[in-house]
$ cat input_22.cif   # mmCIF, C-alpha atoms and all ligand atoms
data_run
#
loop_
_atom_site.label_atom_id
_atom_site.label_comp_id
_atom_site.auth_asym_id
_atom_site.auth_seq_id
_atom_site.Cartn_x
_atom_site.Cartn_y
_atom_site.Cartn_z
CA MET V 1 0.00 0.00 0.00
CA THR V 2 1.42 3.44 -0.89
CA LYS V 3 1.65 5.99 1.92
CA SER V 4 -0.52 9.07 1.46
CA ILE V 5 2.15 11.43 2.84
CA MET V 6 5.52 11.50 1.10
CA ARG V 7 8.32 11.71 3.60
CA GLY V 8 10.51 14.79 3.93
CA ALA V 9 14.27 14.77 3.33
CA LEU V 10 17.00 14.96 5.94
CA ILE V 11 19.52 17.50 4.65
CA VAL V 12 22.68 18.49 6.52
CA LEU V 13 24.93 21.51 6.07
CA GLU V 14 28.48 21.06 7.32
CA GLY V 15 31.61 23.20 7.24
CA CYS V 16 34.15 25.06 9.31
CA ASP V 17 33.13 28.07 11.37
CA ARG V 18 32.18 31.09 9.24
CA SER V 19 31.55 29.03 6.12
CA GLY V 20 27.95 30.31 5.94
CA LYS V 21 26.07 27.22 7.19
CA THR V 22 23.76 29.09 9.51
CA THR V 23 22.85 31.79 6.97
CA GLN V 24 22.33 29.22 4.23
CA SER V 25 20.22 26.87 6.34
CA THR V 26 17.88 29.73 7.26
CA LYS V 27 17.66 30.84 3.62
CA LEU V 28 16.98 27.31 2.41
CA VAL V 29 14.06 26.88 4.81
CA GLU V 30 12.62 30.24 3.68
CA ALA V 31 13.02 29.30 0.01
CA LEU V 32 11.39 25.88 0.51
CA ASN V 33 8.48 27.36 2.48
CA LYS V 34 7.96 29.91 -0.32
CA LEU V 35 7.57 26.96 -2.67
CA ASN V 36 4.98 25.53 -0.23
CA ILE V 37 7.32 22.71 0.76
CA PRO V 38 7.13 22.05 4.52
CA ALA V 39 10.62 22.58 5.93
CA LYS V 40 12.21 23.39 9.28
CA LYS V 41 15.68 24.17 10.47
CA ILE V 42 17.41 22.44 13.35
CA SER V 43 20.92 23.08 14.66
CA PHE V 44 23.44 21.00 16.55
CA PRO V 45 24.42 21.49 19.21
CA ASP V 46 20.84 22.19 20.29
CA ARG V 47 21.65 24.29 23.34
CA SER V 48 18.02 24.38 24.55
CA THR V 49 17.97 20.79 25.85
CA PRO V 50 19.34 19.58 29.24
CA ILE V 51 22.44 18.11 27.57
CA GLY V 52 22.71 21.14 25.27
CA SER V 53 22.96 23.41 28.27
CA ILE V 54 26.03 21.51 29.56
CA ILE V 55 27.53 21.71 26.05
CA ASN V 56 26.88 25.46 26.03
CA ASP V 57 28.72 25.84 29.36
CA TYR V 58 31.61 23.84 27.91
CA LEU V 59 31.81 25.84 24.67
CA SER V 60 31.63 29.15 26.50
CA ARG V 61 34.44 27.92 28.79
CA LYS V 62 32.35 28.01 31.99
CA ILE V 63 33.22 24.39 32.69
CA GLU V 64 35.95 21.92 31.72
CA LEU V 65 35.19 18.33 30.70
CA PRO V 66 37.35 15.46 29.45
CA ASP V 67 37.46 15.38 25.63
CA ARG V 68 35.86 11.96 25.29
CA SER V 69 33.05 12.75 27.68
CA VAL V 70 32.16 15.98 25.87
CA HIS V 71 32.22 14.06 22.60
CA LEU V 72 29.62 11.68 24.00
CA LEU V 73 27.51 14.63 25.16
CA PHE V 74 27.47 16.12 21.64
CA SER V 75 26.35 12.73 20.35
CA ALA V 76 23.76 12.33 23.14
CA ASN V 77 22.42 15.75 22.15
CA ARG V 78 21.62 14.30 18.70
CA TRP V 79 20.08 11.17 20.27
CA GLU V 80 17.88 13.46 22.40
CA LEU V 81 16.26 14.66 19.15
CA GLU V 82 16.31 11.38 17.23
CA SER V 83 12.63 10.49 17.62
CA GLU V 84 11.56 14.07 16.84
CA ILE V 85 13.67 14.00 13.65
CA ARG V 86 12.04 10.74 12.52
CA LYS V 87 8.57 12.06 13.40
CA GLN V 88 9.01 15.24 11.36
CA ILE V 89 10.48 13.44 8.35
CA GLU V 90 7.64 10.89 8.38
CA ALA V 91 5.13 13.75 8.58
CA GLY V 92 6.52 15.10 5.30
CA VAL V 93 8.68 17.88 6.73
CA THR V 94 12.11 18.40 5.21
CA LEU V 95 14.70 19.16 7.87
CA ILE V 96 17.65 21.41 7.14
CA VAL V 97 20.21 20.60 9.80
CA ASP V 98 23.00 23.02 10.68
CA ARG V 99 25.80 20.57 11.72
CA TYR V 100 25.31 16.87 12.55
CA SER V 101 27.41 13.78 13.31
CA TYR V 102 30.12 14.86 10.84
CA SER V 103 30.88 17.92 13.02
CA GLY V 104 30.98 15.62 16.02
CA VAL V 105 33.61 13.43 14.41
CA VAL V 106 35.80 16.09 12.77
CA PHE V 107 35.97 18.40 15.79
CA THR V 108 36.79 15.76 18.40
CA SER V 109 39.26 13.94 16.18
CA ALA V 110 41.07 17.26 15.56
CA LYS V 111 42.07 17.05 19.23
CA GLN V 112 45.23 15.19 20.15
CA CYS V 113 45.16 11.41 20.55
CA ILE V 114 41.51 10.79 19.78
CA ASP V 115 41.00 8.25 17.08
CA PHE V 116 38.67 9.09 14.16
CA LYS V 117 37.06 5.65 14.32
CA TRP V 118 36.35 5.93 18.04
CA CYS V 119 34.61 9.24 17.36
CA CYS V 120 32.29 7.61 14.80
CA GLY V 121 30.97 4.90 17.15
CA PRO V 122 28.20 6.74 19.05
CA GLU V 123 26.79 8.22 15.82
CA ASN V 124 25.93 4.85 14.28
CA GLY V 125 22.19 4.24 14.17
CA LEU V 126 21.10 7.88 14.08
CA PRO V 127 18.88 8.85 11.12
CA LYS V 128 21.10 8.93 8.03
CA PRO V 129 21.06 12.22 6.11
CA ASP V 130 19.84 11.95 2.53
CA LEU V 131 22.32 14.66 1.55
CA VAL V 132 25.24 16.34 3.30
CA MET V 133 26.51 19.55 1.74
CA PHE V 134 29.95 20.48 2.99
CA LEU V 135 30.55 24.22 2.51
CA LYS V 136 34.24 24.34 1.73
CA LEU V 137 36.42 27.43 2.12
CA SER V 138 40.05 27.59 1.01
CA SER V 139 42.47 28.46 3.82
CA GLU V 140 42.93 31.92 2.20
CA GLU V 141 39.17 32.52 2.25
CA MET V 142 38.97 31.22 5.82
CA ALA V 143 41.71 33.65 6.87
CA LYS V 144 39.80 36.55 5.23
CA ARG V 145 36.65 35.68 7.17
CA SER V 146 38.32 34.85 10.43
CA GLY V 147 36.63 37.25 12.81
CA PHE V 148 36.34 34.39 15.29
CA GLY V 149 34.56 34.83 18.62
CA ASP V 150 35.66 33.66 22.06
CA GLU V 151 34.16 30.17 22.08
CA ARG V 152 36.25 27.06 22.31
CA TYR V 153 37.60 25.86 18.90
CA GLU V 154 37.35 29.34 17.35
CA ASN V 155 40.90 29.71 16.05
CA VAL V 156 42.51 29.28 12.64
CA GLU V 157 44.89 26.47 13.58
CA PHE V 158 42.14 24.24 14.99
CA GLN V 159 39.75 25.05 12.12
CA ASN V 160 42.43 23.99 9.61
CA LYS V 161 42.68 20.60 11.33
CA VAL V 162 38.90 20.30 11.29
CA ASP V 163 38.86 21.17 7.59
CA LYS V 164 41.35 18.38 6.79
CA ASN V 165 39.29 15.87 8.76
CA TYR V 166 36.19 16.63 6.67
CA ASP V 167 38.12 15.27 3.64
CA ARG V 168 37.84 11.79 5.15
CA PHE V 169 34.14 11.57 4.31
CA THR V 170 33.87 10.21 0.81
CA ASN V 171 30.45 8.62 0.49
CA GLU V 172 28.01 9.45 -2.29
CA ASN V 173 25.68 11.46 -0.01
CA PHE V 174 28.48 13.80 1.08
CA ILE V 175 29.19 16.53 -1.46
CA GLN V 176 31.60 19.43 -1.34
CA ILE V 177 30.37 22.89 -2.37
CA ASN V 178 32.52 25.98 -2.87
CA ALA V 179 31.36 28.32 -0.07
CA ALA V 180 33.11 31.36 -1.57
CA GLN V 181 30.15 32.39 -3.74
CA ASP V 182 27.84 35.31 -3.11
CA ILE V 183 25.06 34.48 -0.69
CA SER V 184 22.15 34.27 -3.14
CA THR V 185 24.07 32.33 -5.80
CA LEU V 186 25.07 29.83 -3.14
CA THR V 187 21.47 29.55 -1.86
CA ASN V 188 20.22 28.84 -5.40
CA ASN V 189 22.87 26.18 -5.95
CA LEU V 190 22.05 24.49 -2.66
CA LEU V 191 18.30 24.78 -3.25
CA ASN V 192 18.57 22.92 -6.57
CA LYS V 193 20.32 20.04 -4.87
CA VAL V 194 17.80 20.00 -2.02
CA LEU V 195 14.83 19.93 -4.40
CA THR V 196 16.35 17.04 -6.38
CA THR V 197 16.94 15.14 -3.13
CA ILE V 198 13.42 15.75 -1.80
CA ASP V 199 12.01 14.29 -5.00
CA PHE V 200 14.48 11.38 -5.06
CA VAL V 201 13.84 10.17 -1.49
CA LYS V 202 10.11 10.87 -1.11
CA ASN V 203 9.14 7.19 -1.44
CA LYS V 204 12.25 5.71 0.15
CA GLU V 205 12.83 4.65 3.76
CA LEU V 206 14.97 6.86 5.97
CA ASP V 207 18.19 4.88 6.53
CA GLU V 208 20.33 4.52 9.65
CA LEU V 209 23.74 6.16 9.73
CA VAL V 210 26.64 3.72 9.54
CA PHE V 211 30.17 5.11 9.53
N1 LIG V 301 30.74 20.89 17.65
C1 LIG V 301 29.50 20.81 17.14
C2 LIG V 301 31.40 19.77 18.13
O1 LIG V 301 32.54 19.84 18.61
N2 LIG V 301 30.77 18.56 18.07
C3 LIG V 301 29.51 18.43 17.55
O2 LIG V 301 28.95 17.31 17.52
C4 LIG V 301 28.86 19.60 17.06
C5 LIG V 301 27.48 19.50 16.50
O3 LIG V 301 30.58 23.03 18.61
F1 LIG V 301 32.83 24.75 17.24
C6 LIG V 301 31.39 22.21 17.78
C7 LIG V 301 31.53 22.97 16.49
C8 LIG V 301 31.53 24.40 16.95
C9 LIG V 301 30.77 24.39 18.25
O4 LIG V 301 28.83 25.02 17.00
C10 LIG V 301 29.45 25.11 18.23
P1 LIG V 301 28.05 26.31 16.41
O5 LIG V 301 27.60 25.84 15.07
O6 LIG V 301 29.07 27.43 16.37
O7 LIG V 301 26.93 26.59 17.39
#

$ encode --input "input_22.cif" --output "structure tokens"
Amino acid sequence: MTKSIMRGALIVLEGCDRSGKTTQSTKLVEALNKLNIPAKKISFPDRSTPIGSIINDYLSRKIELPDRSVHLLFSANRWELESEIRKQIEAGVTLIVDRYSYSGVVFTSAKQCIDFKWCCGPENGLPKPDLVMFLKLSSEEMAKRSGFGDERYENVEFQNKVDKNYDRFTNENFIQINAAQDISTLTNNLLNKVLTTIDFVKNKELDELVF
């Protein structure tokens, strides 16, 4: 029997700080809603949840935590929202997600002595994105934009390590996009890919993430 509601797509934007993810995810939701396509934005970390509030204290340097334990908190923050994500997608809503498991893995493994594979473990089984768009900036572009704030990780050296780690994702759902385009050209490029994906997955099951 065919379902009456087509499912929404799970779309993730990834990239280093200041690559434009947050601006683009907001613009994508607006553009989709204008086309009468139900869409919502979510962001990780979600600082509004109980675990998110500990993460916020960690990022703003109010508290210190061991690297592995904070990694598990970032992952737990995604698991907190797992059933809500599935519910929305099944109800036909496309979710545009500002950072997901890929951020979890590339940030923690940019720290000393933490194995990439170990970082992937807790992410397995989360809803698998239908498309991940990695907004890539060259190191020159990153340097031009680098008005970093005071949060943890906001420095050029660490961001360069993070950027290199993103290159380890090579599956077909993970595509690299040049982030150094003007804002509206970039939105249009991303929107085309999102629309194609929404159409492609509408009758397919939402998979589980396996790294
Ligand atoms: N970050 C984000 C992680 O270290 N692990 C994660 O799983 C996620 C989702 O948190 F520096 C880092 C990336 C960034 C910081 O992200 C806060 P925003 O996008 O600046 O709020």

$ residues_around --input "input_22.cif" --residues "region 49-54 of chain V" --least-positions-apart "5" --cutoff "9 Å" --atoms "only C-alpha atoms" --output "PDB file with C-alpha atoms, in the frame of the given file"
ATOM      1  CA  PHE V  44      23.440  21.000  16.550  1.00  0.00           C
ATOM      2  CA  LEU V  59      31.810  25.840  24.670  1.00  0.00           C
ATOM      3  CA  ILE V  63      33.220  24.390  32.690  1.00  0.00           C
ATOM      4  CA  LEU V  73      27.510  14.630  25.160  1.00  0.00           C
ATOM      5  CA  PHE V  74      27.470  16.120  21.640  1.00  0.00           C
ATOM      6  CA  ALA V  76      23.760  12.330  23.140  1.00  0.00           C
ATOM      7  CA  ASN V  77      22.420  15.750  22.150  1.00  0.00           C
ATOM      8  CA  GLU V  80      17.880  13.460  22.400  1.00  0.00           C
TER       9      GLU V  80
END

$ closest_residue --input "input_22.cif" --among "V:Glu30, V:Asp163, V:Glu14, V:Asp115" --to "Asp98 (chain V)" --atoms "only C-alpha atoms"
V:Glu14

$ residues_near_ligand --input "input_22.cif" --ligand "ligand LIG 301 (chain V)" --cutoff "10 Å" --atoms "all atoms listed in the file" --output "number ranges by chain"
V: 14-18, 21-22, 43-47, 55-56, 58-60, 67, 70-78, 97-111, 119, 123, 149, 151-155, 158-159, 162

$ atom_distance --input "input_22.cif" --atom1 "CA of Tyr166 (chain V)" --atom2 "CA of Met142 (chain V)"
14.9 Å

$ closest_residue --input "input_22.cif" --among "V:Asp182, V:Glu84, V:Asp130, V:Glu140" --to "Leu206 (chain V)" --atoms "all atoms listed in the file"
V:Asp130

$ residues_around --input "input_22.cif" --residues "Ala9 (chain V)" --least-positions-apart "5" --cutoff "10 Å" --atoms "all atoms listed in the file" --output "PDB file with C-alpha atoms, in the frame of the given file"
ATOM      1  CA  ALA V  39      10.620  22.580   5.930  1.00  0.00           C
ATOM      2  CA  GLN V  88       9.010  15.240  11.360  1.00  0.00           C
ATOM      3  CA  ILE V  89      10.480  13.440   8.350  1.00  0.00           C
ATOM      4  CA  GLU V  90       7.640  10.890   8.380  1.00  0.00           C
ATOM      5  CA  GLY V  92       6.520  15.100   5.300  1.00  0.00           C
ATOM      6  CA  VAL V  93       8.680  17.880   6.730  1.00  0.00           C
ATOM      7  CA  THR V  94      12.110  18.400   5.210  1.00  0.00           C
ATOM      8  CA  LEU V  95      14.700  19.160   7.870  1.00  0.00           C
ATOM      9  CA  ILE V  96      17.650  21.410   7.140  1.00  0.00           C
ATOM     10  CA  PRO V 129      21.060  12.220   6.110  1.00  0.00           C
ATOM     11  CA  ASP V 130      19.840  11.950   2.530  1.00  0.00           C
ATOM     12  CA  LEU V 131      22.320  14.660   1.550  1.00  0.00           C
ATOM     13  CA  VAL V 194      17.800  20.000  -2.020  1.00  0.00           C
ATOM     14  CA  LEU V 195      14.830  19.930  -4.400  1.00  0.00           C
ATOM     15  CA  THR V 197      16.940  15.140  -3.130  1.00  0.00           C
ATOM     16  CA  ILE V 198      13.420  15.750  -1.800  1.00  0.00           C
ATOM     17  CA  ASP V 199      12.010  14.290  -5.000  1.00  0.00           C
ATOM     18  CA  PHE V 200      14.480  11.380  -5.060  1.00  0.00           C
ATOM     19  CA  VAL V 201      13.840  10.170  -1.490  1.00  0.00           C
ATOM     20  CA  LYS V 202      10.110  10.870  -1.110  1.00  0.00           C
ATOM     21  CA  LYS V 204      12.250   5.710   0.150  1.00  0.00           C
ATOM     22  CA  LEU V 206      14.970   6.860   5.970  1.00  0.00           C
TER      23      LEU V 206
END

$ residues_around --input "input_22.cif" --residues "Ala91 (chain V)" --least-positions-apart "5" --cutoff "9 Å" --atoms "all atoms listed in the file" --output "list in words"
Ile5, Met6, Arg7, Gly8 and Arg86 of chain V

$ closest_residue --input "input_22.cif" --among "V:Leu81, V:Leu186, V:Ile177, V:Val156" --to "Phe134 (chain V)" --atoms "all atoms listed in the file"
V:Ile177

$ atom_distance --input "input_22.cif" --atom1 "CA of Ile42 (chain V)" --atom2 "CA of Trp118 (chain V)"
25.6 Å

$ closest_residue --input "input_22.cif" --among "V:Asn178, V:Ser138, V:Thr187, V:Asn173" --to "Thr23 (chain V)" --atoms "only C-alpha atoms"
V:Thr187

$ closest_residue --input "input_22.cif" --among "V:Leu135, V:Val12, V:Ala179, V:Leu209" --to "Asp167 (chain V)" --atoms "all atoms listed in the file"
V:Leu135
